[in-house]
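Each remark here refers to the structure printed beneath this line.
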Amino acid sequence: MSLTAAIRDRDVAELPGKRDEAWRWTDLRGLIRKLPPPSEPFVGDVGDGPFDALARDRRVIVNGRGAEPIEIARGSTAVVAARFVSQGAGVHVARLNIIVGADARLQLLESYESDGGSVSQAVLTITLGKGAAIERVVLAQDNAEAISVSQATVTLAPRARFAQTVVASGARRQRIETRVQHPGGHAELRLDGVYLLADKRHSDQTTVVTHESTDGTTVQLTKGVVRDQARGIFQGRIVVEEGADRTDARMGHHALILSDRAEVDAKPELEIYADDVACAHGNTVGALDEDALFYARQRGMPEADARAMLTEAFIGEVVDRIEHEGAREVVRAWAVERLRG
């Protein structure tokens with residue numbers, strides 16, 4: 001089933017749903033009874049984006065329009081802020097093609113914003129040349145009533161490096177999906193994520209990495225905090241194909257549940273068809289450390305501040321791995337505001 005086909009045909013029966021294994025926790029078919037009309041072109045000021053101050057090259061894609069390709073020439077360096085903005089309550093698809101030439105460097109600072117109950121899909125195709133490097137930082141701060149899906153397909157070349165951090169606050173339904181074709185050849189991949197969810201928000205971070213040949217590296221760390229009636233989802237799958245020897249792949253997912261009605265669903269998977277590999281995954285879901293909370297209270301810290309401090313430290317391990325200093329500070333301030341709010 002395909003969200004793109006459903007939007008094109010205006011057929012809710014084509015939406016992905018719980019009968020599709022990869023979408024069973026983010027059931028759009030069971031949620032959406034009727035697709036809204038197509039989003040209208042937006043004319044006006046959409047304000048500033050979270051990363052605007054960090055990039056001269058700023059791209060604003062509103063209601064699926066304005067997605068000009070991003071092409072970084074061989075050996076060049078660039079910082080691009082790409083905003084996906086949904087205005088109104090329509091439905092739309094945005095497509096963005098990103099090509100980074102051999103030995104080039106790109107800092108891609110990407111954000112998602114909406115002001116109502118829109119249904120939106122962003123489809124990104126990201127291609128790295130030999131020796132190229134991208135750091136992609138994604139800040140998804142959709143409206144509580146929005147349905148937002150971002151799907152990125154990443155193709156690496158030998159000796160390329162792709163580092164990603166996704167930070168999300170959820171929506172009515174929010175899914176950020178990344179699929180990576182890993183060629184081995186000493187290419188390096190980092191896929192990190194943070195979700196901070198409250199009220200009835202829902203966020204799904206799904207990744208699929210396919211190691212196709214020898215000498216490839218993948219490291220992945222996702223952390224989440226959910227409270228109230230929110231629901232967080234992590235699905236991570238790493239496939240090591242036959243012959244992809246000397247693959248080093250490690251995945252971790254850890255979440256805190258801060259209320260009885262919140263929920264976390266996690267499915268980390270390794271599929272290994274090669275022998276000479278080093279692969280591991282870990283997954284934990286639990287509550288705040290009561291001993292640490294008690295110690296902070298004994299030092300005179302109010303309970304709310306103590307809880308915020310401990311949750312900030314919990315997700316800080318992921319935030320600290322963001323390499324771009326300015327983006328790291330934007331994400332840190334954004335996270336602190338939500339945790340203390």
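Letters for chains follow the order of the structure tokens (A, B, ...), residue numbers begin at 1 for each chain, and ligand numbers begin at 1 in the order shown.
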
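For Asp20 (chain A), the list of residues within 12 Å, based on only C-alpha atoms and with local chain neighbours fewer than 5 positions off taken out, reads A:Met1, A:Ser2, A:Glu14, A:Leu15, A:Trp25, A:Thr26, A:Asp27, A:Leu28, A:Arg29, A:Gly30.
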
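Residues of region 159-314 of chain A carrying a DSSP assignment of helix (DSSP H, G or I), computed from the backbone, are Glu290, Asp291, Ala292, Leu293, Phe294, Tyr295, Ala296, Arg297, Gln298, Glu303, Ala304, Asp305, Ala306, Arg307, Ala308, Met309, Leu310, Thr311, Glu312, Ala313 and Phe314 of chain A.
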
query: Can you tell me, as a ChimeraX atom specification, what residues are no more than 10 Å from Leu156 (chain A) when counting only C-alpha atoms, ignoring any on the same chain fewer than 4 positions away?
result: /A:126-133,160-162,180-185,187-189

Write to file, as a PDB file, in the first residue's frame, the residues of the selection just made, with N, CA, C and O atoms.
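Result file is out.pdb:
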ATOM      1  N   ILE A 126      18.087  10.946  -1.564  1.00  0.00           N
ATOM      2  CA  ILE A 126      19.393  11.506  -1.198  1.00  0.00           C
ATOM      3  C   ILE A 126      20.483  10.590  -1.736  1.00  0.00           C
ATOM      4  O   ILE A 126      20.520   9.400  -1.406  1.00  0.00           O
ATOM      5  N   THR A 127      21.378  11.154  -2.560  1.00  0.00           N
ATOM      6  CA  THR A 127      22.436  10.365  -3.186  1.00  0.00           C
ATOM      7  C   THR A 127      23.793  10.981  -2.858  1.00  0.00           C
ATOM      8  O   THR A 127      23.995  12.186  -3.075  1.00  0.00           O
ATOM      9  N   LEU A 128      24.688  10.156  -2.329  1.00  0.00           N
ATOM     10  CA  LEU A 128      26.034  10.614  -1.984  1.00  0.00           C
ATOM     11  C   LEU A 128      27.048   9.989  -2.932  1.00  0.00           C
ATOM     12  O   LEU A 128      27.034   8.776  -3.154  1.00  0.00           O
ATOM     13  N   GLY A 129      27.949  10.819  -3.470  1.00  0.00           N
ATOM     14  CA  GLY A 129      29.041  10.322  -4.288  1.00  0.00           C
ATOM     15  C   GLY A 129      30.153   9.760  -3.434  1.00  0.00           C
ATOM     16  O   GLY A 129      30.136   9.826  -2.194  1.00  0.00           O
ATOM     17  N   LYS A 130      31.157   9.213  -4.075  1.00  0.00           N
ATOM     18  CA  LYS A 130      32.272   8.594  -3.364  1.00  0.00           C
ATOM     19  C   LYS A 130      32.985   9.624  -2.492  1.00  0.00           C
ATOM     20  O   LYS A 130      33.352  10.708  -2.949  1.00  0.00           O
ATOM     21  N   GLY A 131      33.147   9.291  -1.211  1.00  0.00           N
ATOM     22  CA  GLY A 131      33.834  10.175  -0.286  1.00  0.00           C
ATOM     23  C   GLY A 131      33.017  11.374   0.168  1.00  0.00           C
ATOM     24  O   GLY A 131      33.525  12.222   0.910  1.00  0.00           O
ATOM     25  N   ALA A 132      31.748  11.478  -0.244  1.00  0.00           N
ATOM     26  CA  ALA A 132      30.903  12.604   0.165  1.00  0.00           C
ATOM     27  C   ALA A 132      30.436  12.436   1.605  1.00  0.00           C
ATOM     28  O   ALA A 132      30.467  11.328   2.164  1.00  0.00           O
ATOM     29  N   ALA A 133      29.965  13.540   2.210  1.00  0.00           N
ATOM     30  CA  ALA A 133      29.487  13.484   3.598  1.00  0.00           C
ATOM     31  C   ALA A 133      28.275  14.390   3.762  1.00  0.00           C
ATOM     32  O   ALA A 133      28.254  15.520   3.269  1.00  0.00           O
ATOM     33  N   ALA A 160      31.669   7.080   1.574  1.00  0.00           N
ATOM     34  CA  ALA A 160      30.766   8.184   1.923  1.00  0.00           C
ATOM     35  C   ALA A 160      30.410   8.099   3.405  1.00  0.00           C
ATOM     36  O   ALA A 160      30.580   7.060   4.058  1.00  0.00           O
ATOM     37  N   ARG A 161      29.893   9.215   3.909  1.00  0.00           N
ATOM     38  CA  ARG A 161      29.497   9.256   5.319  1.00  0.00           C
ATOM     39  C   ARG A 161      28.167   9.992   5.431  1.00  0.00           C
ATOM     40  O   ARG A 161      28.041  11.125   4.970  1.00  0.00           O
ATOM     41  N   PHE A 162      27.189   9.334   6.052  1.00  0.00           N
ATOM     42  CA  PHE A 162      25.868   9.928   6.255  1.00  0.00           C
ATOM     43  C   PHE A 162      25.541   9.856   7.737  1.00  0.00           C
ATOM     44  O   PHE A 162      25.514   8.770   8.330  1.00  0.00           O
ATOM     45  N   VAL A 180      18.189   3.123   3.825  1.00  0.00           N
ATOM     46  CA  VAL A 180      19.560   3.369   3.369  1.00  0.00           C
ATOM     47  C   VAL A 180      20.112   2.140   2.660  1.00  0.00           C
ATOM     48  O   VAL A 180      20.076   1.026   3.195  1.00  0.00           O
ATOM     49  N   GLN A 181      20.624   2.358   1.449  1.00  0.00           N
ATOM     50  CA  GLN A 181      21.388   1.342   0.728  1.00  0.00           C
ATOM     51  C   GLN A 181      22.869   1.572   1.032  1.00  0.00           C
ATOM     52  O   GLN A 181      23.444   2.565   0.608  1.00  0.00           O
ATOM     53  N   HIS A 182      23.449   0.636   1.777  1.00  0.00           N
ATOM     54  CA  HIS A 182      24.815   0.773   2.274  1.00  0.00           C
ATOM     55  C   HIS A 182      25.739  -0.113   1.436  1.00  0.00           C
ATOM     56  O   HIS A 182      25.593  -1.333   1.434  1.00  0.00           O
ATOM     57  N   PRO A 183      26.709   0.478   0.728  1.00  0.00           N
ATOM     58  CA  PRO A 183      27.537  -0.313  -0.184  1.00  0.00           C
ATOM     59  C   PRO A 183      28.738  -0.971   0.469  1.00  0.00           C
ATOM     60  O   PRO A 183      29.520  -1.643  -0.230  1.00  0.00           O
ATOM     61  N   GLY A 184      28.904  -0.788   1.799  1.00  0.00           N
ATOM     62  CA  GLY A 184      30.173  -1.210   2.388  1.00  0.00           C
ATOM     63  C   GLY A 184      31.261  -0.268   1.911  1.00  0.00           C
ATOM     64  O   GLY A 184      31.077   0.949   1.869  1.00  0.00           O
ATOM     65  N   GLY A 185      32.407  -0.836   1.551  1.00  0.00           N
ATOM     66  CA  GLY A 185      33.464   0.008   0.994  1.00  0.00           C
ATOM     67  C   GLY A 185      33.920   1.108   1.919  1.00  0.00           C
ATOM     68  O   GLY A 185      34.279   2.197   1.480  1.00  0.00           O
ATOM     69  N   ALA A 187      32.199   2.903   3.831  1.00  0.00           N
ATOM     70  CA  ALA A 187      31.200   3.947   4.064  1.00  0.00           C
ATOM     71  C   ALA A 187      30.726   3.869   5.511  1.00  0.00           C
ATOM     72  O   ALA A 187      30.681   2.791   6.108  1.00  0.00           O
ATOM     73  N   GLU A 188      30.347   5.021   6.075  1.00  0.00           N
ATOM     74  CA  GLU A 188      29.940   5.107   7.473  1.00  0.00           C
ATOM     75  C   GLU A 188      28.541   5.699   7.568  1.00  0.00           C
ATOM     76  O   GLU A 188      28.224   6.673   6.889  1.00  0.00           O
ATOM     77  N   LEU A 189      27.739   5.117   8.462  1.00  0.00           N
ATOM     78  CA  LEU A 189      26.358   5.553   8.634  1.00  0.00           C
ATOM     79  C   LEU A 189      26.059   5.708  10.119  1.00  0.00           C
ATOM     80  O   LEU A 189      26.365   4.827  10.918  1.00  0.00           O
TER      81      LEU A 189
END

- prompt: Counting only C-alpha atoms, what is within 12 Å of Ile70 (chain A), bar same-chain residues fewer than 2 positions away, as number ranges by chain?
  reply: A: 57-59, 66-68, 72-73, 78-82, 95-101, 106-108, 124-128

Compile a residue-level contact table for region 110-176 of chain A against region 228-243 of chain A at a cut-off of 12 Å, reporting for every qualifying residue the shortest atom pair and its distance in Å to one decimal, with only C-alpha atoms counted, rows ordered by chain and ascending number, as a Markdown table.
| residue | atom | partner | partner_atom | distance |
| --- | --- | --- | --- | --- |
| A:Ala144 | CA | A:Ala230 | CA | 11.1 |
| A:Val166 | CA | A:Phe234 | CA | 11.9 |
| A:Ala168 | CA | A:Gly232 | CA | 10.1 |
| A:Ser169 | CA | A:Gly232 | CA | 9.8 |
| A:Gly170 | CA | A:Gly232 | CA | 8.3 |
| A:Ala171 | CA | A:Ala230 | CA | 9.6 |
| A:Arg172 | CA | A:Ala230 | CA | 9.8 |
| A:Arg173 | CA | A:Arg231 | CA | 9.7 |
| A:Gln174 | CA | A:Gly232 | CA | 9.8 |
| A:Arg175 | CA | A:Ile233 | CA | 8.9 |
| A:Ile176 | CA | A:Phe234 | CA | 10.0 |

- request: Between A:Ala13, A:Leu221, A:Ala157, A:Ala22, single out the one closest to His186 (chain A), counting only C-alpha atoms.
  value: A:Ala157

- prompt: Tell me, which residues of region 39-283 of chain A carry DSSP strand (DSSP E), written as a PyMOL selection string?
  reply: chain A and resi 57-62+70-72+77-86+91-100+105-114+119-128+133-141+147-155+161-168+173-182+188-197+202-211+217-226+231-240+248-257+263-272+278-283

message: Show me, as a PyMOL selection string, the residues that have an atom within 12 Å of Leu109 (chain A) when counting only C-alpha atoms, minus same-chain residues fewer than 2 positions from it.
response: chain A and resi 49-60+78-84+106-107+111-112+134-140+163-167+322-328+330-331

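Near Leu35 (chain A), within a cut-off of 12 Å and counting only C-alpha atoms, sit the residues Leu3, Ala6, Ile7, Arg8, Asp9, Arg10, Asp11, Val12, Ala13, Glu14, Leu15, Leu28, Arg29, Ala89, Gly90, Val91, His92, Gly117, Ser118, Val119, Ser120 and Ile147 of chain A, with same-chain residues fewer than 5 positions away left out.
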
task: Considering only C-alpha atoms, return as a PyMOL selection string whatever protein or nucleic-acid residues lie within 9 Å of Ala244 (chain A), sequence-local ones (same chain, fewer than 2 positions apart) excluded.
output: chain A and resi 183-184+211-216+240-242+246-247+273-277

Restricting it to N, CA and C atoms, dump the selection as a PDB file, in the first residue's frame.
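That gives us out17.pdb:
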ATOM      1  N   PRO A 183      26.709   0.478   0.728  1.00  0.00           N
ATOM      2  CA  PRO A 183      27.537  -0.313  -0.184  1.00  0.00           C
ATOM      3  C   PRO A 183      28.738  -0.971   0.469  1.00  0.00           C
ATOM      4  N   GLY A 184      28.904  -0.788   1.799  1.00  0.00           N
ATOM      5  CA  GLY A 184      30.173  -1.210   2.388  1.00  0.00           C
ATOM      6  C   GLY A 184      31.261  -0.268   1.911  1.00  0.00           C
ATOM      7  N   HIS A 211      23.004  -3.556   4.204  1.00  0.00           N
ATOM      8  CA  HIS A 211      24.444  -3.646   3.914  1.00  0.00           C
ATOM      9  C   HIS A 211      24.636  -4.618   2.757  1.00  0.00           C
ATOM     10  N   GLU A 212      25.204  -4.112   1.664  1.00  0.00           N
ATOM     11  CA  GLU A 212      25.277  -4.895   0.435  1.00  0.00           C
ATOM     12  C   GLU A 212      26.639  -5.520   0.174  1.00  0.00           C
ATOM     13  N   SER A 213      27.690  -4.977   0.823  1.00  0.00           N
ATOM     14  CA  SER A 213      29.028  -5.487   0.538  1.00  0.00           C
ATOM     15  C   SER A 213      29.918  -5.308   1.764  1.00  0.00           C
ATOM     16  N   THR A 214      31.178  -5.606   1.629  1.00  0.00           N
ATOM     17  CA  THR A 214      32.099  -5.710   2.757  1.00  0.00           C
ATOM     18  C   THR A 214      32.490  -4.342   3.325  1.00  0.00           C
ATOM     19  N   ASP A 215      32.908  -4.377   4.598  1.00  0.00           N
ATOM     20  CA  ASP A 215      33.555  -3.242   5.272  1.00  0.00           C
ATOM     21  C   ASP A 215      32.641  -2.017   5.372  1.00  0.00           C
ATOM     22  N   GLY A 216      31.443  -2.220   5.911  1.00  0.00           N
ATOM     23  CA  GLY A 216      30.525  -1.120   6.160  1.00  0.00           C
ATOM     24  C   GLY A 216      30.244  -0.964   7.637  1.00  0.00           C
ATOM     25  N   VAL A 240      22.078  -7.515   6.718  1.00  0.00           N
ATOM     26  CA  VAL A 240      23.448  -7.748   6.251  1.00  0.00           C
ATOM     27  C   VAL A 240      23.376  -8.865   5.216  1.00  0.00           C
ATOM     28  N   GLU A 241      23.541  -8.505   3.953  1.00  0.00           N
ATOM     29  CA  GLU A 241      23.362  -9.477   2.890  1.00  0.00           C
ATOM     30  C   GLU A 241      24.547 -10.440   2.795  1.00  0.00           C
ATOM     31  N   GLU A 242      24.300 -11.541   2.142  1.00  0.00           N
ATOM     32  CA  GLU A 242      25.347 -12.541   1.934  1.00  0.00           C
ATOM     33  C   GLU A 242      26.542 -11.889   1.241  1.00  0.00           C
ATOM     34  N   ARG A 246      32.663  -8.421   7.334  1.00  0.00           N
ATOM     35  CA  ARG A 246      33.297  -7.341   8.089  1.00  0.00           C
ATOM     36  C   ARG A 246      32.368  -6.134   8.265  1.00  0.00           C
ATOM     37  N   THR A 247      31.075  -6.387   8.233  1.00  0.00           N
ATOM     38  CA  THR A 247      30.100  -5.349   8.586  1.00  0.00           C
ATOM     39  C   THR A 247      30.083  -5.161  10.102  1.00  0.00           C
ATOM     40  N   TYR A 273      23.022 -12.439   6.953  1.00  0.00           N
ATOM     41  CA  TYR A 273      23.250 -13.543   6.028  1.00  0.00           C
ATOM     42  C   TYR A 273      24.735 -13.709   5.708  1.00  0.00           C
ATOM     43  N   ALA A 274      25.592 -13.044   6.485  1.00  0.00           N
ATOM     44  CA  ALA A 274      27.044 -13.164   6.331  1.00  0.00           C
ATOM     45  C   ALA A 274      27.625 -13.670   7.643  1.00  0.00           C
ATOM     46  N   ASP A 275      28.842 -14.214   7.592  1.00  0.00           N
ATOM     47  CA  ASP A 275      29.431 -14.852   8.770  1.00  0.00           C
ATOM     48  C   ASP A 275      30.359 -13.928   9.558  1.00  0.00           C
ATOM     49  N   ASP A 276      31.261 -13.238   8.900  1.00  0.00           N
ATOM     50  CA  ASP A 276      32.296 -12.460   9.569  1.00  0.00           C
ATOM     51  C   ASP A 276      31.785 -11.040   9.821  1.00  0.00           C
ATOM     52  N   VAL A 277      30.918 -10.897  10.840  1.00  0.00           N
ATOM     53  CA  VAL A 277      30.317  -9.599  11.136  1.00  0.00           C
ATOM     54  C   VAL A 277      30.338  -9.353  12.640  1.00  0.00           C
TER      55      VAL A 277
END
